$ cat structure-v1.json   # JSON, C-alpha atoms
[["chain", "number", "residue", "atom", "x", "y", "z"],
["A", 186, "MET", "CA", 9.40, 195.46, 163.69],
["A", 187, "ASN", "CA", 12.81, 194.52, 164.96],
["A", 188, "PRO", "CA", 14.02, 190.96, 164.16],
["A", 189, "THR", "CA", 14.56, 190.40, 167.88],
["A", 190, "ASP", "CA", 10.86, 191.11, 168.45],
["A", 191, "LEU", "CA", 9.82, 188.16, 166.30],
["A", 192, "PRO", "CA", 8.67, 184.99, 168.04],
["A", 193, "PRO", "CA", 10.99, 181.97, 167.78],
["A", 194, "HIS", "CA", 10.41, 179.57, 164.90],
["A", 195, "SER", "CA", 8.32, 176.59, 165.89],
["A", 196, "SER", "CA", 11.32, 174.29, 165.35],
["A", 197, "GLU", "CA", 13.24, 176.33, 167.95],
["A", 198, "LEU", "CA", 10.44, 175.77, 170.44],
["A", 199, "ASN", "CA", 10.47, 172.01, 169.91],
["A", 200, "SER", "CA", 14.21, 171.36, 169.99],
["A", 201, "THR", "CA", 17.44, 172.22, 171.74],
["A", 202, "THR", "CA", 20.89, 172.47, 170.20],
["A", 203, "LEU", "CA", 23.76, 171.07, 172.27],
["A", 204, "THR", "CA", 27.48, 170.64, 171.73],
["A", 205, "VAL", "CA", 28.47, 167.14, 172.80],
["A", 206, "LEU", "CA", 32.07, 166.12, 173.42],
["A", 207, "TYR", "CA", 33.35, 162.53, 173.65],
["A", 208, "PHE", "CA", 36.70, 161.61, 175.19],
["A", 209, "ALA", "CA", 39.02, 158.58, 175.43],
["A", 210, "ARG", "CA", 37.39, 155.22, 174.53],
["A", 211, "LEU", "CA", 34.12, 156.99, 173.64],
["A", 212, "LYS", "CA", 35.81, 159.10, 170.98],
["A", 213, "GLU", "CA", 37.41, 156.01, 169.47],
["A", 214, "ALA", "CA", 34.33, 153.77, 169.65],
["A", 215, "LEU", "CA", 31.93, 156.42, 168.30],
["A", 216, "GLY", "CA", 34.26, 157.78, 165.64],
["A", 217, "CYS", "CA", 33.96, 161.43, 166.65],
["A", 218, "GLY", "CA", 35.18, 163.75, 169.36],
["A", 219, "VAL", "CA", 32.60, 166.49, 169.09],
["A", 220, "GLU", "CA", 29.24, 167.08, 167.48],
["A", 221, "ARG", "CA", 26.60, 169.76, 167.53],
["A", 222, "ILE", "CA", 23.23, 168.07, 167.72],
["A", 223, "GLU", "CA", 19.63, 169.13, 167.77],
["A", 224, "VAL", "CA", 17.55, 167.13, 170.23],
["A", 225, "PRO", "CA", 13.82, 167.20, 171.01],
["A", 226, "ALA", "CA", 12.84, 169.65, 173.77],
["A", 227, "ALA", "CA", 11.97, 166.63, 175.94],
["A", 228, "VAL", "CA", 15.70, 165.84, 176.13],
["A", 229, "ASP", "CA", 16.10, 168.21, 179.06],
["A", 230, "THR", "CA", 18.42, 166.29, 181.42],
["A", 231, "VAL", "CA", 21.71, 164.46, 181.12],
["A", 232, "ARG", "CA", 19.89, 161.13, 181.56],
["A", 233, "ALA", "CA", 17.48, 161.99, 178.74],
["A", 234, "LEU", "CA", 20.45, 162.89, 176.49],
["A", 235, "GLN", "CA", 22.16, 159.59, 177.35],
["A", 236, "ASN", "CA", 18.97, 157.71, 176.42],
["A", 237, "PHE", "CA", 18.68, 159.72, 173.19],
["A", 238, "LEU", "CA", 22.27, 158.81, 172.24],
["A", 239, "LEU", "CA", 21.82, 155.17, 173.28],
["A", 240, "ALA", "CA", 18.84, 154.92, 170.93],
["A", 241, "ARG", "CA", 21.11, 155.60, 167.95],
["A", 242, "GLY", "CA", 22.04, 151.89, 168.05],
["A", 243, "GLY", "CA", 25.29, 150.11, 167.33],
["A", 244, "ALA", "CA", 28.33, 151.50, 169.13],
["A", 245, "TRP", "CA", 26.09, 154.14, 170.73],
["A", 246, "THR", "CA", 24.03, 151.46, 172.46],
["A", 247, "ALA", "CA", 27.16, 149.64, 173.59],
["A", 248, "GLU", "CA", 28.91, 152.75, 174.94],
["A", 249, "PHE", "CA", 25.87, 154.33, 176.61],
["A", 250, "ALA", "CA", 24.66, 151.10, 178.23],
["A", 251, "SER", "CA", 24.00, 151.53, 181.95],
["A", 252, "THR", "CA", 26.74, 149.01, 182.76],
["A", 253, "LYS", "CA", 29.48, 151.24, 181.33],
["A", 254, "PRO", "CA", 30.92, 153.71, 183.84],
["A", 255, "MET", "CA", 30.92, 157.27, 182.55],
["A", 256, "ARG", "CA", 31.53, 160.76, 183.92],
["A", 257, "ILE", "CA", 29.65, 163.79, 182.62],
["A", 258, "ALA", "CA", 30.29, 167.52, 182.65],
["A", 259, "VAL", "CA", 27.88, 170.25, 181.60],
["A", 260, "ASN", "CA", 29.53, 173.54, 180.70],
["A", 261, "GLN", "CA", 32.75, 172.21, 182.27],
["A", 262, "ASP", "CA", 31.13, 171.48, 185.66],
["A", 263, "MET", "CA", 30.71, 167.90, 186.83],
["A", 264, "ALA", "CA", 27.11, 166.79, 186.37],
["A", 265, "GLN", "CA", 24.70, 164.07, 187.45],
["A", 266, "ALA", "CA", 22.03, 162.21, 185.49],
["A", 267, "ASP", "CA", 19.35, 164.65, 186.68],
["A", 268, "THR", "CA", 21.33, 167.80, 185.72],
["A", 269, "ALA", "CA", 19.10, 170.02, 183.57],
["A", 270, "LEU", "CA", 20.11, 170.92, 180.02],
["A", 271, "LYS", "CA", 19.28, 174.08, 178.12],
["A", 272, "GLN", "CA", 19.84, 175.57, 174.69],
["A", 273, "GLY", "CA", 23.52, 175.93, 173.82],
["A", 274, "ASP", "CA", 24.92, 173.78, 176.65],
["A", 275, "GLU", "CA", 28.15, 171.87, 176.19],
["A", 276, "VAL", "CA", 27.97, 168.30, 177.47],
["A", 277, "ALA", "CA", 31.12, 166.19, 177.81],
["A", 278, "PHE", "CA", 31.12, 162.42, 178.29],
["A", 279, "PHE", "CA", 34.26, 160.63, 179.42],
["A", 280, "PRO", "CA", 35.10, 157.33, 181.05],
["A", 281, "PRO", "CA", 36.59, 157.41, 184.54],
["A", 282, "VAL", "CA", 40.37, 157.40, 184.49],
["A", 283, "THR", "CA", 42.51, 155.45, 186.88],
["A", 284, "GLY", "CA", 46.07, 156.42, 187.56],
["A", 285, "GLY", "CA", 49.01, 154.24, 188.24]]

$ encode --input "structure-v1.json" --output "structure tokens"
Amino acid sequence: MNPTDLPPHSSELNSTTLTVLYFARLKEALGCGVERIEVPAAVDTVRALQNFLLARGGAWTAEFASTKPMRIAVNQDMAQADTALKQGDEVAFFPPVTGG
């Protein structure tokens, strides 16, 4: 039997691995610019990921509160709260920037 013929491990069926990038004030407040995280399979939209991160508490709750404006990109394309996520996606969070 070929290794590619094997069924996925049960943990692979119940989770998704994402690369998450944080920019500007988020990077400073959260203390990291990038992380690779495993989330439950139910975290299948940008909104669900935001809620997952918010639930971490502390600075995460403050930065991901619904009152804080934030832009999101999935795989370098602008995204909305209902944008679907899949295994291996890159999700970037960044505050809106105003020019002067």

$ closest_residue --input "structure-v1.json" --among "A:Gln235, A:Ala240, A:Glu223, A:Gly216" --to "Lys253 (chain A)" --atoms "only C-alpha atoms"
A:Gln235

$ axis_aligned_box --input "structure-v1.json" --around "region 200-216 of chain A" --padding-each-side "3 Å" --output "AutoDock Vina command-line options"
--center_x 26.6 --center_y 163.1 --center_z 170.5 --size_x 30.8 --size_y 24.7 --size_z 15.8

$ atom_distance --input "structure-v1.json" --atom1 "CA of Thr201 (chain A)" --atom2 "CA of Gln265 (chain A)"
19.1 Å

$ residues_around --input "structure-v1.json" --residues "Glu220 (chain A)" --least-positions-apart "3" --cutoff "7 Å" --atoms "only C-alpha atoms" --output "PDB file with C-alpha atoms, in the coordinates of the input"
ATOM      1  CA  THR A 204      27.480 170.640 171.730  1.00  0.00           C
ATOM      2  CA  VAL A 205      28.470 167.140 172.800  1.00  0.00           C
ATOM      3  CA  LEU A 206      32.070 166.120 173.420  1.00  0.00           C
TER       4      LEU A 206
END

$ atom_distance --input "structure-v1.json" --atom1 "CA of Phe237 (chain A)" --atom2 "CA of Val282 (chain A)"
24.6 Å

$ atom_distance --input "structure-v1.json" --atom1 "CA of Leu238 (chain A)" --atom2 "CA of Gly218 (chain A)"
14.1 Å

$ closest_residue --input "structure-v1.json" --among "A:Glu213, A:Leu270, A:Met263, A:Tyr207" --to "Val228 (chain A)" --atoms "only C-alpha atoms"
A:Leu270

$ residues_around --input "structure-v1.json" --residues "Cys217 (chain A)" --least-positions-apart "5" --cutoff "12 Å" --atoms "all atoms listed in the file" --output "list in words"
Val205, Leu206, Tyr207, Phe208, Ala209, Arg210, Leu211, Lys212, Ala244 and Trp245 of chain A

$ closest_residue --input "structure-v1.json" --among "A:Leu239, A:Leu215, A:Leu203, A:Val231" --to "Ala266 (chain A)" --atoms "only C-alpha atoms"
A:Val231

$ residues_around --input "structure-v1.json" --residues "Thr230 (chain A)" --least-positions-apart "4" --cutoff "6 Å" --atoms "all atoms listed in the file" --output "list in words"
Asp267, Thr268, Ala269 and Leu270 of chain A

$ closest_residue --input "structure-v1.json" --among "A:Gly243, A:Pro225, A:Lys271, A:Val276" --to "Ile257 (chain A)" --atoms "only C-alpha atoms"
A:Val276

$ closest_residue --input "structure-v1.json" --among "A:Phe279, A:Arg221, A:Ala233, A:Ala227" --to "Pro254 (chain A)" --atoms "all atoms listed in the file"
A:Phe279

$ build_atoms --input "structure-v1.json" --residues "region 249-260 of chain A" --atoms "all heavy atoms" --output "tab-separated table (two decimals), in the coordinates of the input"
chain	number	residue	atom	x	y	z
A	249	PHE	N	26.75	153.63	175.67
A	249	PHE	CA	25.87	154.33	176.61
A	249	PHE	C	25.02	153.37	177.44
A	249	PHE	O	24.10	153.79	178.13
A	249	PHE	CB	25.01	155.37	175.87
A	249	PHE	CG	25.80	156.61	175.55
A	249	PHE	CD1	26.51	156.71	174.37
A	249	PHE	CD2	25.87	157.66	176.44
A	249	PHE	CE1	27.27	157.83	174.08
A	249	PHE	CE2	26.63	158.79	176.17
A	249	PHE	CZ	27.32	158.87	174.98
A	250	ALA	N	25.35	152.08	177.40
A	250	ALA	CA	24.66	151.10	178.23
A	250	ALA	C	24.90	151.44	179.70
A	250	ALA	O	25.96	151.95	180.07
A	250	ALA	CB	25.17	149.69	177.93
A	251	SER	N	23.92	151.16	180.53
A	251	SER	CA	24.00	151.53	181.95
A	251	SER	C	25.13	150.80	182.68
A	251	SER	O	25.54	151.23	183.75
A	251	SER	CB	22.67	151.26	182.64
A	251	SER	OG	22.37	149.88	182.58
A	252	THR	N	25.66	149.75	182.09
A	252	THR	CA	26.74	149.01	182.76
A	252	THR	C	28.11	149.64	182.52
A	252	THR	O	29.08	149.25	183.17
A	252	THR	CB	26.78	147.55	182.25
A	252	THR	OG1	26.94	147.57	180.83
A	252	THR	CG2	25.50	146.82	182.62
A	253	LYS	N	28.21	150.59	181.62
A	253	LYS	CA	29.48	151.24	181.33
A	253	LYS	C	29.64	152.47	182.22
A	253	LYS	O	28.82	153.38	182.17
A	253	LYS	CB	29.54	151.69	179.86
A	253	LYS	CG	29.53	150.57	178.86
A	253	LYS	CD	30.92	150.24	178.44
A	253	LYS	CE	30.89	149.28	177.27
A	253	LYS	NZ	32.14	149.21	176.59
A	254	PRO	N	30.72	152.52	183.01
A	254	PRO	CA	30.92	153.71	183.84
A	254	PRO	C	31.26	154.93	182.97
A	254	PRO	O	31.95	154.80	181.96
A	254	PRO	CB	32.10	153.33	184.72
A	254	PRO	CG	32.80	152.22	184.01
A	254	PRO	CD	31.77	151.53	183.18
A	255	MET	N	30.72	156.07	183.33
A	255	MET	CA	30.92	157.27	182.55
A	255	MET	C	30.79	158.49	183.46
A	255	MET	O	29.95	158.53	184.35
A	255	MET	CB	29.86	157.34	181.44
A	255	MET	CG	30.12	158.41	180.43
A	255	MET	SD	28.94	158.40	179.05
A	255	MET	CE	28.89	156.70	178.56
A	256	ARG	N	31.62	159.48	183.22
A	256	ARG	CA	31.53	160.76	183.92
A	256	ARG	C	30.96	161.77	182.93
A	256	ARG	O	31.12	161.62	181.72
A	256	ARG	CB	32.91	161.20	184.41
A	256	ARG	CG	33.66	160.13	185.15
A	256	ARG	CD	33.76	160.18	186.60
A	256	ARG	NE	33.54	161.47	187.19
A	256	ARG	CZ	33.94	161.80	188.39
A	256	ARG	NH1	34.61	160.94	189.11
A	256	ARG	NH2	33.69	162.96	188.90
A	257	ILE	N	30.30	162.79	183.47
A	257	ILE	CA	29.65	163.79	182.62
A	257	ILE	C	29.94	165.17	183.17
A	257	ILE	O	29.94	165.38	184.38
A	257	ILE	CB	28.13	163.57	182.56
A	257	ILE	CG1	27.80	162.16	182.08
A	257	ILE	CG2	27.46	164.60	181.66
A	257	ILE	CD1	27.17	161.33	183.13
A	258	ALA	N	30.17	166.11	182.26
A	258	ALA	CA	30.29	167.52	182.65
A	258	ALA	C	29.36	168.33	181.76
A	258	ALA	O	29.22	168.05	180.57
A	258	ALA	CB	31.73	168.00	182.48
A	259	VAL	N	28.71	169.32	182.35
A	259	VAL	CA	27.88	170.25	181.60
A	259	VAL	C	28.49	171.63	181.78
A	259	VAL	O	28.65	172.09	182.92
A	259	VAL	CB	26.41	170.22	182.08
A	259	VAL	CG1	25.59	171.29	181.36
A	259	VAL	CG2	25.80	168.85	181.86
A	260	ASN	N	28.87	172.23	180.68
A	260	ASN	CA	29.53	173.54	180.70
A	260	ASN	C	30.74	173.52	181.63
A	260	ASN	O	30.97	174.44	182.41
A	260	ASN	CB	28.54	174.64	181.06
A	260	ASN	CG	27.42	174.72	180.05
A	260	ASN	OD1	27.63	174.54	178.86
A	260	ASN	ND2	26.21	174.95	180.53
